[in-house]
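K.L.:
Structure: coords-v1.txt, compact mmCIF, C-alpha atoms and all ligand atoms.
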# COMPACT_ATOMS: atom_id res chain seq x y z
CA MET A 1 0.00 0.00 0.00
CA THR A 2 2.56 2.60 -1.06
CA VAL A 3 0.67 5.89 -1.08
CA GLU A 4 1.42 9.56 -1.48
CA SER A 5 -1.88 10.76 -0.13
CA CYS A 6 -4.40 9.29 2.26
CA PRO A 7 -7.56 7.75 0.80
CA VAL A 8 -9.49 8.13 4.07
CA GLN A 9 -8.02 11.33 5.48
CA GLN A 10 -11.36 13.10 5.94
CA SER A 11 -13.48 10.19 7.13
CA CYS A 12 -10.78 8.92 9.50
CA GLY A 13 -9.84 12.28 10.99
CA GLY A 14 -6.67 10.95 12.61
CA CYS A 15 -4.27 12.96 10.46
CA PRO A 16 -5.64 16.50 10.07
CA GLN A 17 -2.24 17.83 9.02
CA LEU A 18 -2.30 15.75 5.81
CA ALA A 19 -4.80 18.32 4.49
CA VAL A 20 -2.10 21.01 4.41
CA SER A 21 1.40 21.22 2.95
CA ARG A 22 4.32 19.75 4.85
CA VAL A 23 5.77 23.23 5.39
CA ALA A 24 2.46 24.44 6.83
CA GLU A 25 2.30 21.36 9.07
CA GLN A 26 5.77 22.06 10.42
CA GLU A 27 4.98 25.74 11.05
CA THR A 28 1.80 24.75 12.89
CA LYS A 29 3.68 22.30 15.08
CA VAL A 30 6.44 24.75 15.96
CA GLU A 31 3.79 27.32 16.86
CA MET A 32 1.96 24.76 19.03
CA VAL A 33 5.13 24.20 21.05
CA ARG A 34 5.91 27.94 21.27
CA THR A 35 2.37 28.72 22.42
CA ALA A 36 2.37 26.01 25.08
CA LEU A 37 5.73 27.23 26.40
CA ARG A 38 4.64 30.88 26.42
CA SER A 39 1.52 29.96 28.37
CA ARG A 40 3.90 28.73 31.07
CA GLY A 41 6.08 31.84 30.89
CA ILE A 42 8.89 30.27 28.81
CA GLY A 43 9.82 32.49 25.86
CA SER A 44 12.44 30.23 24.26
CA ASP A 45 12.47 29.78 20.53
CA VAL A 46 11.71 26.37 19.04
CA ALA A 47 14.00 24.84 16.41
CA TRP A 48 12.50 22.48 13.88
CA THR A 49 14.62 19.34 13.32
CA ASP A 50 14.91 18.17 9.74
CA THR A 51 14.66 14.41 10.18
CA GLN A 52 14.02 13.32 6.58
CA SER A 53 11.07 11.32 7.87
CA PRO A 54 8.70 10.11 5.19
CA ARG A 55 5.28 11.70 5.62
CA PHE A 56 3.55 8.39 4.82
CA GLY A 57 4.26 4.79 5.72
CA TYR A 58 6.25 5.42 8.91
CA ARG A 59 4.17 3.84 11.72
CA ASN A 60 5.57 0.57 13.09
CA ARG A 61 2.78 -0.41 15.48
CA MET A 62 -0.98 -0.22 15.75
CA ARG A 63 -3.60 -1.25 18.31
CA LEU A 64 -6.70 -3.04 17.07
CA GLN A 65 -9.89 -3.90 18.86
CA VAL A 66 -11.20 -7.45 18.83
CA VAL A 67 -14.96 -7.81 18.47
CA GLY A 68 -16.49 -11.29 18.55
CA GLY A 69 -13.05 -12.76 17.99
CA ARG A 70 -12.36 -10.62 14.89
CA ALA A 71 -9.50 -8.15 14.87
CA ASP A 72 -10.55 -4.77 13.50
CA PHE A 73 -9.61 -1.11 13.56
CA PHE A 74 -10.99 1.04 16.37
CA ASN A 75 -11.74 3.58 13.64
CA HIS A 76 -13.54 1.71 10.85
CA ALA A 77 -12.53 4.31 8.27
CA LYS A 78 -9.06 2.73 8.35
CA ARG A 79 -10.47 -0.45 6.78
CA ASP A 80 -9.93 1.32 3.43
CA GLY A 81 -6.33 2.22 4.19
CA CYS A 82 -4.07 4.11 6.56
CA ALA A 83 -1.43 6.12 4.79
CA VAL A 84 0.89 6.54 7.77
CA VAL A 85 1.26 2.80 8.48
CA ARG A 86 4.34 1.01 7.15
CA ASP A 87 3.69 -1.39 4.27
CA ASP A 88 4.88 -4.46 6.19
CA LEU A 89 2.70 -3.56 9.16
CA TRP A 90 -0.29 -3.02 6.90
CA ALA A 91 0.27 -6.45 5.32
CA ALA A 92 0.45 -8.06 8.77
CA ILE A 93 -2.73 -6.32 9.93
CA THR A 94 -4.49 -7.45 6.75
CA ASP A 95 -3.39 -11.05 7.39
CA LEU A 96 -4.53 -10.91 11.02
CA ARG A 97 -7.93 -9.51 10.07
CA ALA A 98 -8.39 -12.18 7.41
CA ALA A 99 -7.29 -15.03 9.72
CA THR A 100 -9.57 -13.94 12.56
CA ALA A 101 -12.48 -13.36 10.17
CA ALA A 102 -12.02 -16.93 8.91
CA ASP A 103 -11.72 -18.39 12.43
CA SER A 104 -13.18 -16.22 15.18
CA THR A 105 -12.04 -18.66 17.89
CA LEU A 106 -8.37 -17.71 17.42
CA LEU A 107 -8.77 -14.50 19.45
CA ALA A 108 -11.79 -15.62 21.51
CA GLY A 109 -12.02 -13.60 24.72
CA VAL A 110 -9.41 -11.06 23.63
CA ARG A 111 -10.42 -7.36 23.88
CA HIS A 112 -7.58 -5.78 21.97
CA VAL A 113 -4.19 -6.49 20.44
CA GLU A 114 -1.16 -4.53 19.34
CA VAL A 115 0.56 -5.50 16.10
CA ARG A 116 4.08 -4.25 15.49
CA VAL A 117 7.13 -4.72 13.29
CA GLY A 118 10.83 -4.13 13.93
CA ASP A 119 13.17 -2.20 11.65
CA THR A 120 16.22 -4.39 11.08
CA GLY A 121 14.91 -6.19 8.01
CA THR A 122 13.42 -9.33 9.52
CA SER A 123 9.91 -10.45 8.61
CA ALA A 124 8.94 -10.99 12.26
CA VAL A 125 5.64 -9.53 13.44
CA GLY A 126 4.82 -8.94 17.10
CA LEU A 127 1.35 -9.56 18.46
CA ALA A 128 0.62 -8.60 22.07
CA VAL A 129 -2.82 -9.74 23.21
CA SER A 130 -4.85 -8.26 26.07
CA ASP A 131 -6.14 -11.64 27.27
CA PRO A 132 -4.81 -15.22 27.17
CA VAL A 133 -4.93 -17.11 23.87
CA GLU A 134 -3.77 -20.49 22.60
CA SER A 135 -0.46 -19.27 21.16
CA ALA A 136 0.28 -22.45 19.24
CA ARG A 137 -3.04 -22.35 17.36
CA LEU A 138 -2.63 -18.65 16.64
CA SER A 139 0.94 -19.10 15.39
CA ASN A 140 -0.23 -22.03 13.26
CA ALA A 141 -2.89 -19.91 11.64
CA LEU A 142 -0.69 -16.84 11.16
CA GLY A 143 2.68 -18.41 10.37
CA ALA A 144 6.03 -18.84 12.10
CA SER A 145 7.03 -15.22 11.66
CA TRP A 146 4.38 -14.13 14.18
CA LEU A 147 5.62 -13.71 17.75
CA VAL A 148 2.84 -13.78 20.31
CA ALA A 149 3.07 -12.24 23.80
CA GLN A 150 0.51 -13.31 26.37
CA PRO A 151 -0.60 -10.77 29.02
CA SER A 152 1.35 -12.50 31.79
CA GLY A 153 3.18 -15.18 29.92
CA GLY A 154 6.79 -15.07 31.07
CA VAL A 155 9.52 -13.39 29.04
CA PRO A 156 7.88 -11.74 26.01
CA PRO A 157 9.42 -12.01 22.52
CA THR A 158 11.37 -9.00 21.29
CA LEU A 159 11.73 -7.10 18.02
CA ALA A 160 14.96 -5.34 17.05
CA TYR A 161 15.29 -1.62 16.31
CA ARG A 162 18.38 0.14 14.99
CA VAL A 163 18.51 3.32 17.02
CA ALA A 164 21.95 4.70 16.09
CA THR A 165 25.15 4.09 14.20
CA ILE A 166 28.31 4.94 16.13
CA ASP A 167 31.71 4.83 14.37
CA GLY A 168 30.14 2.78 11.60
CA VAL A 169 28.65 0.21 14.00
CA ASP A 170 24.87 -0.13 14.25
CA VAL A 171 23.40 0.10 17.72
CA VAL A 172 20.36 -2.16 17.99
CA VAL A 173 17.87 -2.30 20.86
CA ASP A 174 15.75 -5.41 21.44
CA VAL A 175 12.34 -4.24 22.61
CA PRO A 176 9.83 -6.65 24.19
CA ILE A 177 6.65 -6.55 22.13
CA THR A 178 4.78 -5.69 25.32
CA SER A 179 6.91 -2.58 26.01
CA PHE A 180 6.94 0.95 24.65
CA VAL A 181 8.69 1.55 21.34
CA GLN A 182 8.91 4.84 19.44
CA VAL A 183 6.46 4.67 16.48
CA ASN A 184 8.72 6.23 13.85
CA SER A 185 12.19 4.69 13.50
CA VAL A 186 13.60 7.38 11.20
CA VAL A 187 12.69 10.24 13.53
CA ASN A 188 13.69 8.22 16.57
CA ARG A 189 17.22 7.93 15.12
CA SER A 190 17.36 11.72 14.83
CA LEU A 191 16.19 12.07 18.41
CA VAL A 192 18.76 9.56 19.66
CA ALA A 193 21.46 11.27 17.55
CA ARG A 194 20.61 14.57 19.24
CA VAL A 195 20.84 12.98 22.70
CA LEU A 196 24.24 11.48 21.77
CA ALA A 197 25.42 14.84 20.40
CA GLU A 198 24.40 16.62 23.62
CA ALA A 199 26.24 13.96 25.64
CA ALA A 200 29.37 14.44 23.54
CA ALA A 201 29.19 18.26 23.54
CA SER A 202 28.85 18.37 27.31
CA GLY A 203 31.67 15.87 27.87
CA ALA A 204 29.33 13.69 29.94
CA THR A 205 30.68 10.39 31.22
CA THR A 206 27.72 9.39 33.41
CA PHE A 207 23.97 9.43 32.79
CA ILE A 208 20.61 8.75 34.35
CA ASP A 209 17.98 7.59 31.85
CA ALA A 210 14.64 8.04 33.60
CA PHE A 211 11.63 6.44 31.85
CA SER A 212 14.15 4.41 29.86
CA GLY A 213 11.90 1.77 28.35
CA ALA A 214 14.10 -1.01 26.95
CA GLY A 215 17.05 1.36 26.48
CA ASN A 216 16.36 3.54 23.44
CA PHE A 217 18.77 6.12 24.90
CA SER A 218 20.70 4.01 27.42
CA VAL A 219 22.00 1.45 24.92
CA PRO A 220 23.52 4.03 22.53
CA LEU A 221 24.82 6.15 25.42
CA VAL A 222 26.69 3.08 26.72
CA ALA A 223 27.89 2.36 23.16
CA GLN A 224 29.26 5.92 23.13
CA GLY A 225 31.30 5.15 26.25
CA LEU A 226 29.10 6.53 29.05
CA SER A 227 27.95 4.59 32.09
CA GLY A 228 24.75 5.12 33.98
CA THR A 229 21.41 4.06 35.37
CA ALA A 230 18.18 3.23 33.56
CA ILE A 231 14.85 3.41 35.39
CA ASP A 232 11.42 2.27 34.24
CA THR A 233 8.31 0.83 35.87
CA ALA A 234 7.80 -1.61 32.97
CA GLY A 235 9.31 -4.85 34.27
CA ASP A 236 9.52 -6.45 30.79
CA ALA A 237 11.46 -3.49 29.39
CA ILE A 238 13.92 -3.07 32.23
CA ALA A 239 14.51 -6.86 32.49
CA GLN A 240 15.29 -6.97 28.76
CA LEU A 241 17.77 -4.12 29.12
CA GLY A 242 19.38 -6.05 32.01
CA ARG A 243 19.65 -9.17 29.84
CA ALA A 244 21.71 -7.18 27.31
CA GLU A 245 24.46 -7.27 29.97
CA LEU A 246 25.98 -4.00 28.88
CA ALA A 247 29.04 -2.97 30.83
CA GLY A 248 28.46 0.11 32.93
CA ILE A 249 24.71 0.17 33.27
CA GLU A 250 22.49 -0.40 36.27
CA CYS A 251 18.85 -1.20 35.55
CA ILE A 252 16.22 -0.28 38.11
CA GLU A 253 12.56 -1.29 37.95
CA GLY A 254 11.13 1.67 39.81
CA ASP A 255 9.15 4.89 39.80
CA ALA A 256 11.14 7.62 38.04
CA ARG A 257 8.68 10.24 39.32
CA ARG A 258 10.14 9.44 42.76
CA ILE A 259 13.68 9.58 41.39
CA GLY A 260 14.91 11.33 44.51
CA ASP A 261 14.04 8.26 46.61
CA LEU A 262 16.13 5.80 44.58
CA GLY A 263 19.49 6.58 46.21
CA LEU A 264 21.17 7.53 42.92
CA ALA A 265 24.46 9.41 42.60
CA ALA A 266 24.48 12.64 40.58
CA ALA A 267 25.15 12.29 36.83
CA ASP A 268 26.49 14.54 34.07
CA LEU A 269 23.46 13.87 31.89
CA VAL A 270 19.89 13.28 33.06
CA VAL A 271 17.53 12.11 30.32
CA LEU A 272 13.82 12.28 31.10
CA ASP A 273 11.28 10.77 28.70
CA PRO A 274 8.05 10.44 30.67
CA PRO A 275 4.71 9.22 29.30
CA ARG A 276 2.15 11.74 27.97
CA SER A 277 1.20 12.93 31.46
CA GLY A 278 4.72 14.28 31.99
CA LEU A 279 6.99 14.38 35.01
CA GLY A 280 4.48 16.21 37.06
CA ASP A 281 5.32 17.75 40.38
CA LYS A 282 7.68 20.05 42.19
CA ALA A 283 9.30 17.25 44.22
CA SER A 284 10.34 15.43 41.05
CA TYR A 285 11.65 18.66 39.45
CA GLN A 286 13.74 19.36 42.55
CA ALA A 287 14.99 15.76 42.64
CA VAL A 288 16.13 16.06 38.99
CA ALA A 289 17.97 19.32 39.75
CA ASP A 290 19.61 17.70 42.79
CA LEU A 291 20.76 14.70 40.68
CA LEU A 292 22.39 16.85 38.02
CA GLY A 293 26.17 16.88 38.42
CA PRO A 294 27.77 20.11 39.70
CA THR A 295 29.65 21.11 36.52
CA THR A 296 28.36 23.90 34.31
CA SER A 297 28.32 21.48 31.36
CA ALA A 298 25.92 19.03 33.06
CA ARG A 299 22.65 18.78 31.16
CA VAL A 300 19.05 17.67 31.57
CA LEU A 301 17.40 16.46 28.36
CA LEU A 302 13.62 16.39 28.61
CA VAL A 303 11.85 14.45 25.84
CA ALA A 304 8.06 14.55 25.48
CA CYS A 305 5.22 13.70 23.11
CA ASN A 306 2.62 16.00 24.66
CA VAL A 307 3.21 19.74 24.30
CA ASP A 308 1.15 20.72 27.35
CA SER A 309 2.87 18.44 29.83
CA PHE A 310 6.19 19.27 28.14
CA ALA A 311 5.65 23.00 28.73
CA ALA A 312 4.57 22.36 32.33
CA ASP A 313 7.69 20.26 32.95
CA VAL A 314 10.05 22.79 31.32
CA ALA A 315 8.53 25.52 33.48
CA GLY A 316 8.76 23.32 36.57
CA LEU A 317 12.42 22.55 35.94
CA ALA A 318 13.12 26.26 35.33
CA GLU A 319 11.45 27.11 38.64
CA VAL A 320 13.90 24.89 40.53
CA GLY A 321 16.82 26.76 38.97
CA LEU A 322 17.57 25.09 35.63
CA ARG A 323 18.16 27.26 32.56
CA VAL A 324 16.46 26.45 29.27
CA GLU A 325 19.18 26.34 26.61
CA GLN A 326 17.39 24.96 23.58
CA ILE A 327 14.05 23.58 22.51
CA ALA A 328 13.80 21.31 19.48
CA ALA A 329 10.77 19.80 17.75
CA PHE A 330 10.83 16.46 15.93
CA ASP A 331 8.11 15.28 13.54
CA MET A 332 7.64 11.85 15.12
CA PHE A 333 4.01 11.69 13.98
CA PRO A 334 3.71 13.31 10.51
CA GLY A 335 0.16 14.08 9.47
CA THR A 336 -1.20 14.11 13.00
CA ASP A 337 -1.51 17.02 15.42
CA HIS A 338 1.19 15.51 17.63
CA VAL A 339 4.84 16.50 17.84
CA GLU A 340 7.84 15.21 19.79
CA THR A 341 9.87 17.78 21.68
CA LEU A 342 13.25 17.97 23.37
CA ALA A 343 14.41 20.56 25.89
CA VAL A 344 18.07 20.99 26.78
CA LEU A 345 18.48 22.48 30.24
CA GLY A 346 21.59 23.36 32.22
CA ARG A 347 22.58 24.93 35.49
CA SER A 348 21.80 28.63 35.90
CA THR A 349 25.10 29.34 37.61
C1 LIG B 401 7.52 7.72 26.27
S1 LIG B 401 8.05 6.14 26.86
C2 LIG B 401 9.79 6.32 26.65
C3 LIG B 401 10.59 5.06 26.69
C4 LIG B 401 12.02 5.18 26.15
N1 LIG B 401 12.70 6.33 26.66
C5 LIG B 401 12.02 5.20 24.63
O1 LIG B 401 12.40 6.21 24.03
O2 LIG B 401 11.64 4.19 24.02
C6 LIG B 401 7.76 6.32 28.58
C7 LIG B 401 8.26 5.18 29.43
O3 LIG B 401 7.96 5.53 30.80
C8 LIG B 401 7.64 4.36 31.51
N2 LIG B 401 6.95 4.81 32.73
C9 LIG B 401 5.67 5.24 32.91
N3 LIG B 401 5.49 5.68 34.15
C10 LIG B 401 6.68 5.54 34.79
C11 LIG B 401 7.14 5.85 36.10
N4 LIG B 401 6.33 6.40 37.02
N5 LIG B 401 8.43 5.60 36.40
C12 LIG B 401 9.26 5.05 35.49
N6 LIG B 401 8.89 4.73 34.25
C13 LIG B 401 7.62 4.98 33.89
C14 LIG B 401 6.86 3.52 30.52
O4 LIG B 401 6.93 2.16 30.88
C15 LIG B 401 7.62 3.83 29.21
O5 LIG B 401 8.63 2.88 29.01
Would you write the structure of this file as structure tokens?

P.N.:
Amino acid sequence: MTVESCPVQQSCGGCPQLAVSRVAEQETKVEMVRTALRSRGIGSDVAWTDTQSPRFGYRNRMRLQVVGGRADFFNHAKRDGCAVVRDDLWAAITDLRAATAADSTLLAGVRHVEVRVGDTGTSAVGLAVSDPVESARLSNALGASWLVAQPSGGVPPTLAYRVATIDGVDVVVDVPITSFVQVNSVVNRSLVARVLAEAAASGATTFIDAFSGAGNFSVPLVAQGLSGTAIDTAGDAIAQLGRAELAGIECIEGDARRIGDLGLAAADLVVLDPPRSGLGDKASYQAVADLLGPTTSARVLLVACNVDSFAADVAGLAEVGLRVEQIAAFDMFPGTDHVETLAVLGRST
């Protein structure tokens, strides 16, 4: 389904920005970030990052509902196409819908599933189900390339993602199919590259990666020679990062919003990538400031996918004495009204 426009853009409604030019979309997104920051008293400018992301065919995962055993889109308009989904993911979704339409017992009792693909060239497809299924029967029906994760079924299968290339060597992260993964691999690589560049520019040797997932930032930071601590509440993700047995990384399954209670040493680089609700409260802002190493080059990198919580967190971190150095926007979700943002903050004195 290689497309250069979306056949269902109006009826679906999920990608309002596909109705305007790419330049107009980017201007709108930059203005959204600026406006949210200004509403919190932050007047910093916002730099657009040219990521070379395709506007179509970038999405590597999608949730589907299951009704009467049949997998289907939450938004039925997508039955006629979804221009932002990757071709291999679309093919997998089509196969799953056909298989479960032919045999509605395969996903009996399941409420929803997530289908995803990796980005290192394998044909594997991940299927995480909300409720227990007979994996063997499902794999039989779908084929050996399908990896099924049960809701509480031991160690989940992983898919591989190339997140960076350092000195000509690819850095690959294995992400459990039950854990968070960035939806757009091309833009994610730009985001990771920016984090690595900030680490290098600041001369950081130690890091804290709060809300680390399976190590999207931690793994390349270690590959770049840093050592540090990764923290996430998702047991599958943090256990997978531990299994990678990287030298110089401690993995903590814990609450990064209570980062001050974890007994961590200060680090040169603190990366924060909370979920949409953001970091949240003054105690966590103060804890982040306290964990930032004493040098003037020490940096906090705040990554976010929700402009309102991003602006609130930037303002909160500024209130506890951090200085906003740069704000960058990344088009992680072309076509939609969403935008990924990064704030670089340092010590005021
Ligand atoms: C936006 S994802 C980022 C993950 C990772 N940095 C990446 O780029 O793939 C947010 C992560 O925060 C984790 N999370 C949610 N609440 C948390 C909390 N209170 N403490 C630690 N991690 C949390 C989720 O499990 C998820 O992995």

K.L.:
Counting all atoms listed in the file, which of A:Gly118, A:Pro157, A:Pro274, A:Gly13 gets nearest to Tyr58 (chain A)?

P.N.:
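The answer is A:Gly118, which sits nearest to Tyr58 (chain A).
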
K.L.:
Could you list the protein, DNA and RNA residues that have any atom within 6 Å of ligand LIG 401 (chain B), counting all atoms listed in the file, and write them as number ranges by chain?

P.N.:
A: 180-182, 211-213, 216, 231-234, 254-257, 273-275

K.L.:
Applying 7 Å and only C-alpha atoms, which residues near region 75-81 of chain A remain after dropping the ones on its own chain fewer than 3 positions away? List them as a PyMOL selection string.

P.N.:
chain A and resi 7-8+11-12

K.L.:
Within 7 Å of (2.0, 15.7, 22.3) (file coordinates; only C-alpha atoms), which protein or nucleic acid residues are there? I'd like them as JSON, numbers by chain.

P.N.:
{"A": [276, 304, 305, 306, 307, 338, 339, 340]}

K.L.:
With a distance cut-off of 7 Å and all atoms listed in the file, select the neighbouring residues of Ala164 (chain A), excluding the residue or stretch itself and same-chain residues fewer than 3 positions from it, and output the selection as a ChimeraX atom specification.

P.N.:
/A:170-171,189,192-193,220

K.L.:
Can you measure CA of Phe310 (chain A) to CA of Arg162 (chain A) for me? One decimal in Å is fine.

P.N.:
26.2 Å

K.L.:
Of the candidates A:Ile42, A:Leu159, A:Val271, A:Leu279, which one gets nearest to Ala318 (chain A) if we count only C-alpha atoms?

P.N.:
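Looking only at the distances to Ala318 (chain A), the closest residue turns out to be A:Ile42.
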